[in-house]
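Quick notes on the structure that follows.
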Amino acid sequence: MTRPAGVFDVRYEQDVAILRTIPQWITLALFLVFLAIVPQLFPSRFLLNVINMILIMIIAMHGLNILTGYAGQISVGHAAFMGVGAYACASFMTIWGLNFFISLPLAALTAGLVGILFGLPSLRLKGFYLAMATIAAQFIITAFFLHFRPDLFRGAAGMSIEPVRLGSIVFDTQEKLYYLIMPIAAVMTYFGQNLVRSRLGRAFVAIRDNDLAAEIMGISLFGYKLRAFFIGCFFAGTAGALNIAFRWTVRPDQYSLMDSIWMLGIIIIGGMGSILGGILGTVFIKVLDELVSALTPFLGRVLPPELASRIGASTGLVLFGLVVVLFLILEPRGLAHRWEILKGRFRHWPFTYGH
Amino acid sequence: MYFLFYFTLSGIFLGAIYSIIALGIVIIYKSTKVFNFAQGHLLMVAVLLGASTAHKLGIIGGMIFSVAATAFIALLLERLTLRPLIGQPLIAALLMTIALGYLLEGGALMVWGEGLYRYPELFPSEAISIGSIMIEQHVVWAFIVVAVCFTAFVLFYQKAVLGKAMRATAEDHQVSQSMGIRVTHIFSISWVIAAILAYGASVFLGSLSGGHYLNSHLGLKAIPAVLVGGLDSITGAIVGGFIVGLLESLVTGYLSAELGEVVPFIVLLIVLLIKPYGLFGLVRIERI
């Protein structure tokens, strides 16, 4: 980790500390204040809607980053685990009549347990074969919600819930939802960042880098892989439960294979094995996504309608494919690495060494 | 009885298509250690090319053009996007072929739109009757093509110098490079072979359902076919393709269409748990 000149570490705690200088503490405080007043700064409903989506996505991305980026267990079924969280939350609320704030942790726990179930193949499979097992999990989970117990899960139409309420507060506007989602996203980010610095996180990294060596060092591979699945899917479940508070409905097609692949693309773009990378990647992709949607009506005015609709429908696919291809070739370590380089440049300016 | 026969036949036909797709994936995997998720997308491009060029260039001209164009696209993809990834971790190649799939799908949508293109009729529509059994000709042809492909590739890998070079490349890139094999050429050749196979499958897919940009999703079903058979086994690809095709067709016919879509993946999960390297795959012993 690079740091400003003149900052020395005397103890281990200092070496692993994230915030080490007073300006960093001030920046954090300012950022928290900024987070708290976002709805006042951007009163537009559209912008808040996008911001809420990004925040929910960030929670899920932290989960995938811990599972795939840190522990090295490639999961191509992360959207399905998010769906498990959403369906579990909806079921707890509509069938058992629980409050959202009780069903949220229960749903996250359910998603974590389902994650352990589908993580069991990691006992025998690794790398590519495990990725295939998670693809199978993706198909089996979505098919389960689509066809099992239509009286409960309501098939393709999906389940819907009432707006979330706490006492007399009803979370029905984007602004209120922001204050519901943002603190959870902040806490989960804090939790994720600390988790990867802990004994558990170091064990994950050891397994990713060399599983044989990790086992010889005394790390129980099976136990830690399952823990990685549990934690990754716990995050996904939280995101899924928040997603249903945000959308009020949950359908199987909201959590398709395509979404799982998008998530993997996001952690490649943001940077594998970096909590910051998950945030940067999500913001990058969502902003790109919104730009594409904004572009389509514009195209309709300049181009003949048939051509415009073709281009509008395909731009998203082409652009996403292209962005992932370019990042893989040009910057496989993602935006987080670029950010570090940028910081280094500023720090060393006007000298060119260091980075 | 009639239904059983009918579903078995359509399962064999579907299985033949899966087998040819799976064969392409296996051939690329054998030499480059890259699982090509974009194989189904190559197939889709081949169908659309075949369907849209046939009435301009004639059936034969359209065929030649489509094969050449598909092979060229595959060559380009390998050279421009997968070559730089040699030495990168597994997930890079995995995501790269998926992203290429999206690129091809988006590109096809841009060029051809959402319409369904009619494929030229290559097979006579009269059914062949054996005794009291009627078999449609495209099923017979599909079966013949798979049988020919299988024999050709087994012989190719056993006898031909190029085939042996490809096997050596599959075993170890560095050693084969030092034995004078141009490993990068082998990579290109295996992608071209896969593209030609994708075209072969596209002929049958086209006569079954015509050309549409969502045809690529058939490639997803080839994943269980490849893995059930074993990633690096030609026999496995063929057998896996037929297993998946038959299962899908029979389950769809007797139980429900929804279950038919999922059954290949359930079988995949079970096979992965019992025999992780597939039915015919080379077992690599790793004690973890």
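By order in the structure tokens, chains are A, B, ...; within a chain, residues start at 1; ligands start at 1, following the order shown.
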Quiz item: Which neighbours of Phe153 (chain B) fall inside 10 Å, counting only C-alpha atoms, when residues of the same chain fewer than 6 positions from it are skipped, and could you give them as a VMD selection string?
Solution: chain B and resid 23 27 159 to 160 163 234 to 235
Mind dumping the selected residues with C-alpha atoms as a tab-separated table (two decimals), in the first residue's frame?
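Listing of out-v1.tsv after writing:
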```tsv
chain	number	residue	atom	x	y	z
B	23	LEU	CA	-17.45	-30.91	-30.69
B	27	ILE	CA	-11.69	-28.94	-30.15
B	159	LYS	CA	-3.14	-40.29	-37.78
B	160	ALA	CA	-2.66	-36.82	-39.27
B	163	GLY	CA	-3.83	-33.73	-35.46
B	234	ILE	CA	-14.40	-36.15	-28.71
B	235	THR	CA	-16.38	-39.27	-27.90
```
Practice problem: Up to 9 Å from chain A, what residues of chain B turn up? Count only C-alpha atoms and give them as a PyMOL selection string. | Solution: chain B and resi 35+81-82+84-85+88+90-114+223-224+227+258-259+261-266+268-269+272-273+276-277+287-288
Quiz item: To one decimal place, how far is CA of Ala206 (chain A) from CA of Gly232 (chain A) in Å?
Solution: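 Value for the CA of Ala206 (chain A)-CA of Gly232 (chain A) distance: 17.0 Å.
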Quiz item: Can you tell me, as a PyMOL selection string, what residues are no more than 12 Å from Tyr2 (chain B) when counting only C-alpha atoms, ignoring any on the same chain fewer than 5 positions away?
Solution: chain B and resi 7-9+132-134+253
Output N, CA and C atoms for every residue in that selection, as a compact mmCIF listing (two decimals), in the first residue's frame.
```txt
# COMPACT_ATOMS: atom_id res chain seq x y z
N PHE B 7 -40.64 -38.61 -30.16
CA PHE B 7 -39.78 -37.81 -29.28
C PHE B 7 -38.34 -38.28 -29.35
N THR B 8 -38.15 -39.61 -29.52
CA THR B 8 -36.78 -40.11 -29.64
C THR B 8 -36.12 -39.55 -30.88
N LEU B 9 -36.87 -39.54 -31.98
CA LEU B 9 -36.30 -39.02 -33.22
C LEU B 9 -35.94 -37.54 -33.09
N SER B 132 -42.87 -49.72 -41.65
CA SER B 132 -43.98 -48.83 -41.35
C SER B 132 -43.50 -47.55 -40.68
N ILE B 133 -42.17 -47.41 -40.51
CA ILE B 133 -41.64 -46.26 -39.79
C ILE B 133 -41.28 -45.17 -40.78
N MET B 134 -41.69 -43.95 -40.50
CA MET B 134 -41.34 -42.82 -41.36
C MET B 134 -40.28 -41.98 -40.64
N GLY B 253 -41.48 -34.02 -23.79
CA GLY B 253 -42.64 -34.71 -24.32
C GLY B 253 -43.50 -35.32 -23.23
```
Exercise. Fewer than 4 positions away in the same chain doesn't count, so skip those; otherwise give me all residues within 8 Å of Gly245 (chain B), counting only C-alpha atoms, as a PyMOL selection string.
Key: chain B and resi 11-16+18+241+249
Quiz item: Can you list, as a count of residues only, every protein, DNA or RNA residue that comes within 7 Å of region 178-189 of chain B when you count only C-alpha atoms, leaving out same-chain residues fewer than 5 positions away?
Solution: 8
Exercise. Would you kindly return, as a list in words, each protein, DNA or RNA residue with an atom no farther than 10 Å from any atom of region 337-341 of chain A, considering only C-alpha atoms and excluding same-chain residues fewer than 2 positions away?
Key: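 The residues satisfying every condition are Met1, Thr2, Gly270, Gly271, Met272, Ser274, Leu276, Gly277, Leu280, Glu331, Pro332, Arg333, Gly334, Leu335, Lys343, Gly344, Arg345, Phe346, Arg347, Gly354 and His355 of chain A.
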Output C-alpha atoms of each residue in that selection to a file, as an mmCIF file, in the first residue's frame.
```cif
data_model
loop_
_atom_site.group_PDB
_atom_site.id
_atom_site.type_symbol
_atom_site.label_atom_id
_atom_site.label_comp_id
_atom_site.auth_asym_id
_atom_site.auth_seq_id
_atom_site.Cartn_x
_atom_site.Cartn_y
_atom_site.Cartn_z
ATOM 1 C CA MET A 1 0.000 0.000 0.000
ATOM 2 C CA THR A 2 1.474 3.352 -0.989
ATOM 3 C CA GLY A 270 -13.852 -2.478 -11.245
ATOM 4 C CA GLY A 271 -10.990 -4.729 -10.277
ATOM 5 C CA MET A 272 -11.009 -8.241 -8.846
ATOM 6 C CA SER A 274 -10.855 -4.890 -4.328
ATOM 7 C CA LEU A 276 -13.296 -0.145 -3.947
ATOM 8 C CA GLY A 277 -13.264 -1.863 -7.339
ATOM 9 C CA LEU A 280 -16.201 1.856 -9.101
ATOM 10 C CA GLU A 331 -6.418 -3.242 -17.860
ATOM 11 C CA PRO A 332 -7.167 -6.647 -16.335
ATOM 12 C CA ARG A 333 -6.725 -5.200 -12.857
ATOM 13 C CA GLY A 334 -9.622 -2.841 -13.376
ATOM 14 C CA LEU A 335 -10.531 0.681 -12.402
ATOM 15 C CA LYS A 343 -3.174 8.638 -6.639
ATOM 16 C CA GLY A 344 0.476 7.704 -7.014
ATOM 17 C CA ARG A 345 0.887 10.187 -9.850
ATOM 18 C CA PHE A 346 -0.515 12.992 -7.732
ATOM 19 C CA ARG A 347 1.648 12.014 -4.820
ATOM 20 C CA GLY A 354 7.071 5.556 -8.310
ATOM 21 C CA HIS A 355 4.498 4.422 -10.860
#
```
Self-check item: Shell around Phe204 (chain B) at 8 Å using only C-alpha atoms, local window under 3 positions removed, as JSON, numbers by chain
Solution: {"B": [17, 138, 142, 200, 201, 207, 208]}
I need the strand (DSSP E) residues of region 121-307 of chain A per DSSP on the backbone, written as an mmCIF file with C-alpha atoms, in the first residue's frame.
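Wrote it out as result.cif, contents follow:
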```cif
data_model
loop_
_atom_site.group_PDB
_atom_site.id
_atom_site.type_symbol
_atom_site.label_atom_id
_atom_site.label_comp_id
_atom_site.auth_asym_id
_atom_site.auth_seq_id
_atom_site.Cartn_x
_atom_site.Cartn_y
_atom_site.Cartn_z
ATOM 1 C CA MET A 159 -44.543 -11.918 -6.038
ATOM 2 C CA SER A 160 -45.282 -8.393 -4.935
ATOM 3 C CA VAL A 164 -42.005 -1.290 3.471
ATOM 4 C CA ARG A 165 -43.039 0.429 6.696
ATOM 5 C CA LEU A 166 -41.387 1.049 10.033
ATOM 6 C CA ILE A 169 -42.842 5.754 8.278
ATOM 7 C CA VAL A 170 -43.712 4.300 4.873
ATOM 8 C CA PHE A 171 -40.778 3.885 2.530
ATOM 9 C CA THR A 249 -42.119 -6.945 -7.020
ATOM 10 C CA VAL A 250 -39.852 -9.869 -7.689
#
```
Quiz item: Do you have the CA of Ile275 (chain A)-CA of Ile66 (chain A) distance handy?
Solution: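 A separation of 8.3 Å between them.
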Quiz item: With distances taken over only C-alpha atoms, which of A:Gly77, A:Pro43, A:Pro23, A:Gly115 is nearest to Leu257 (chain A)?
Solution: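 Residue with the minimum atom-to-atom distance to Leu257 (chain A): A:Gly77.
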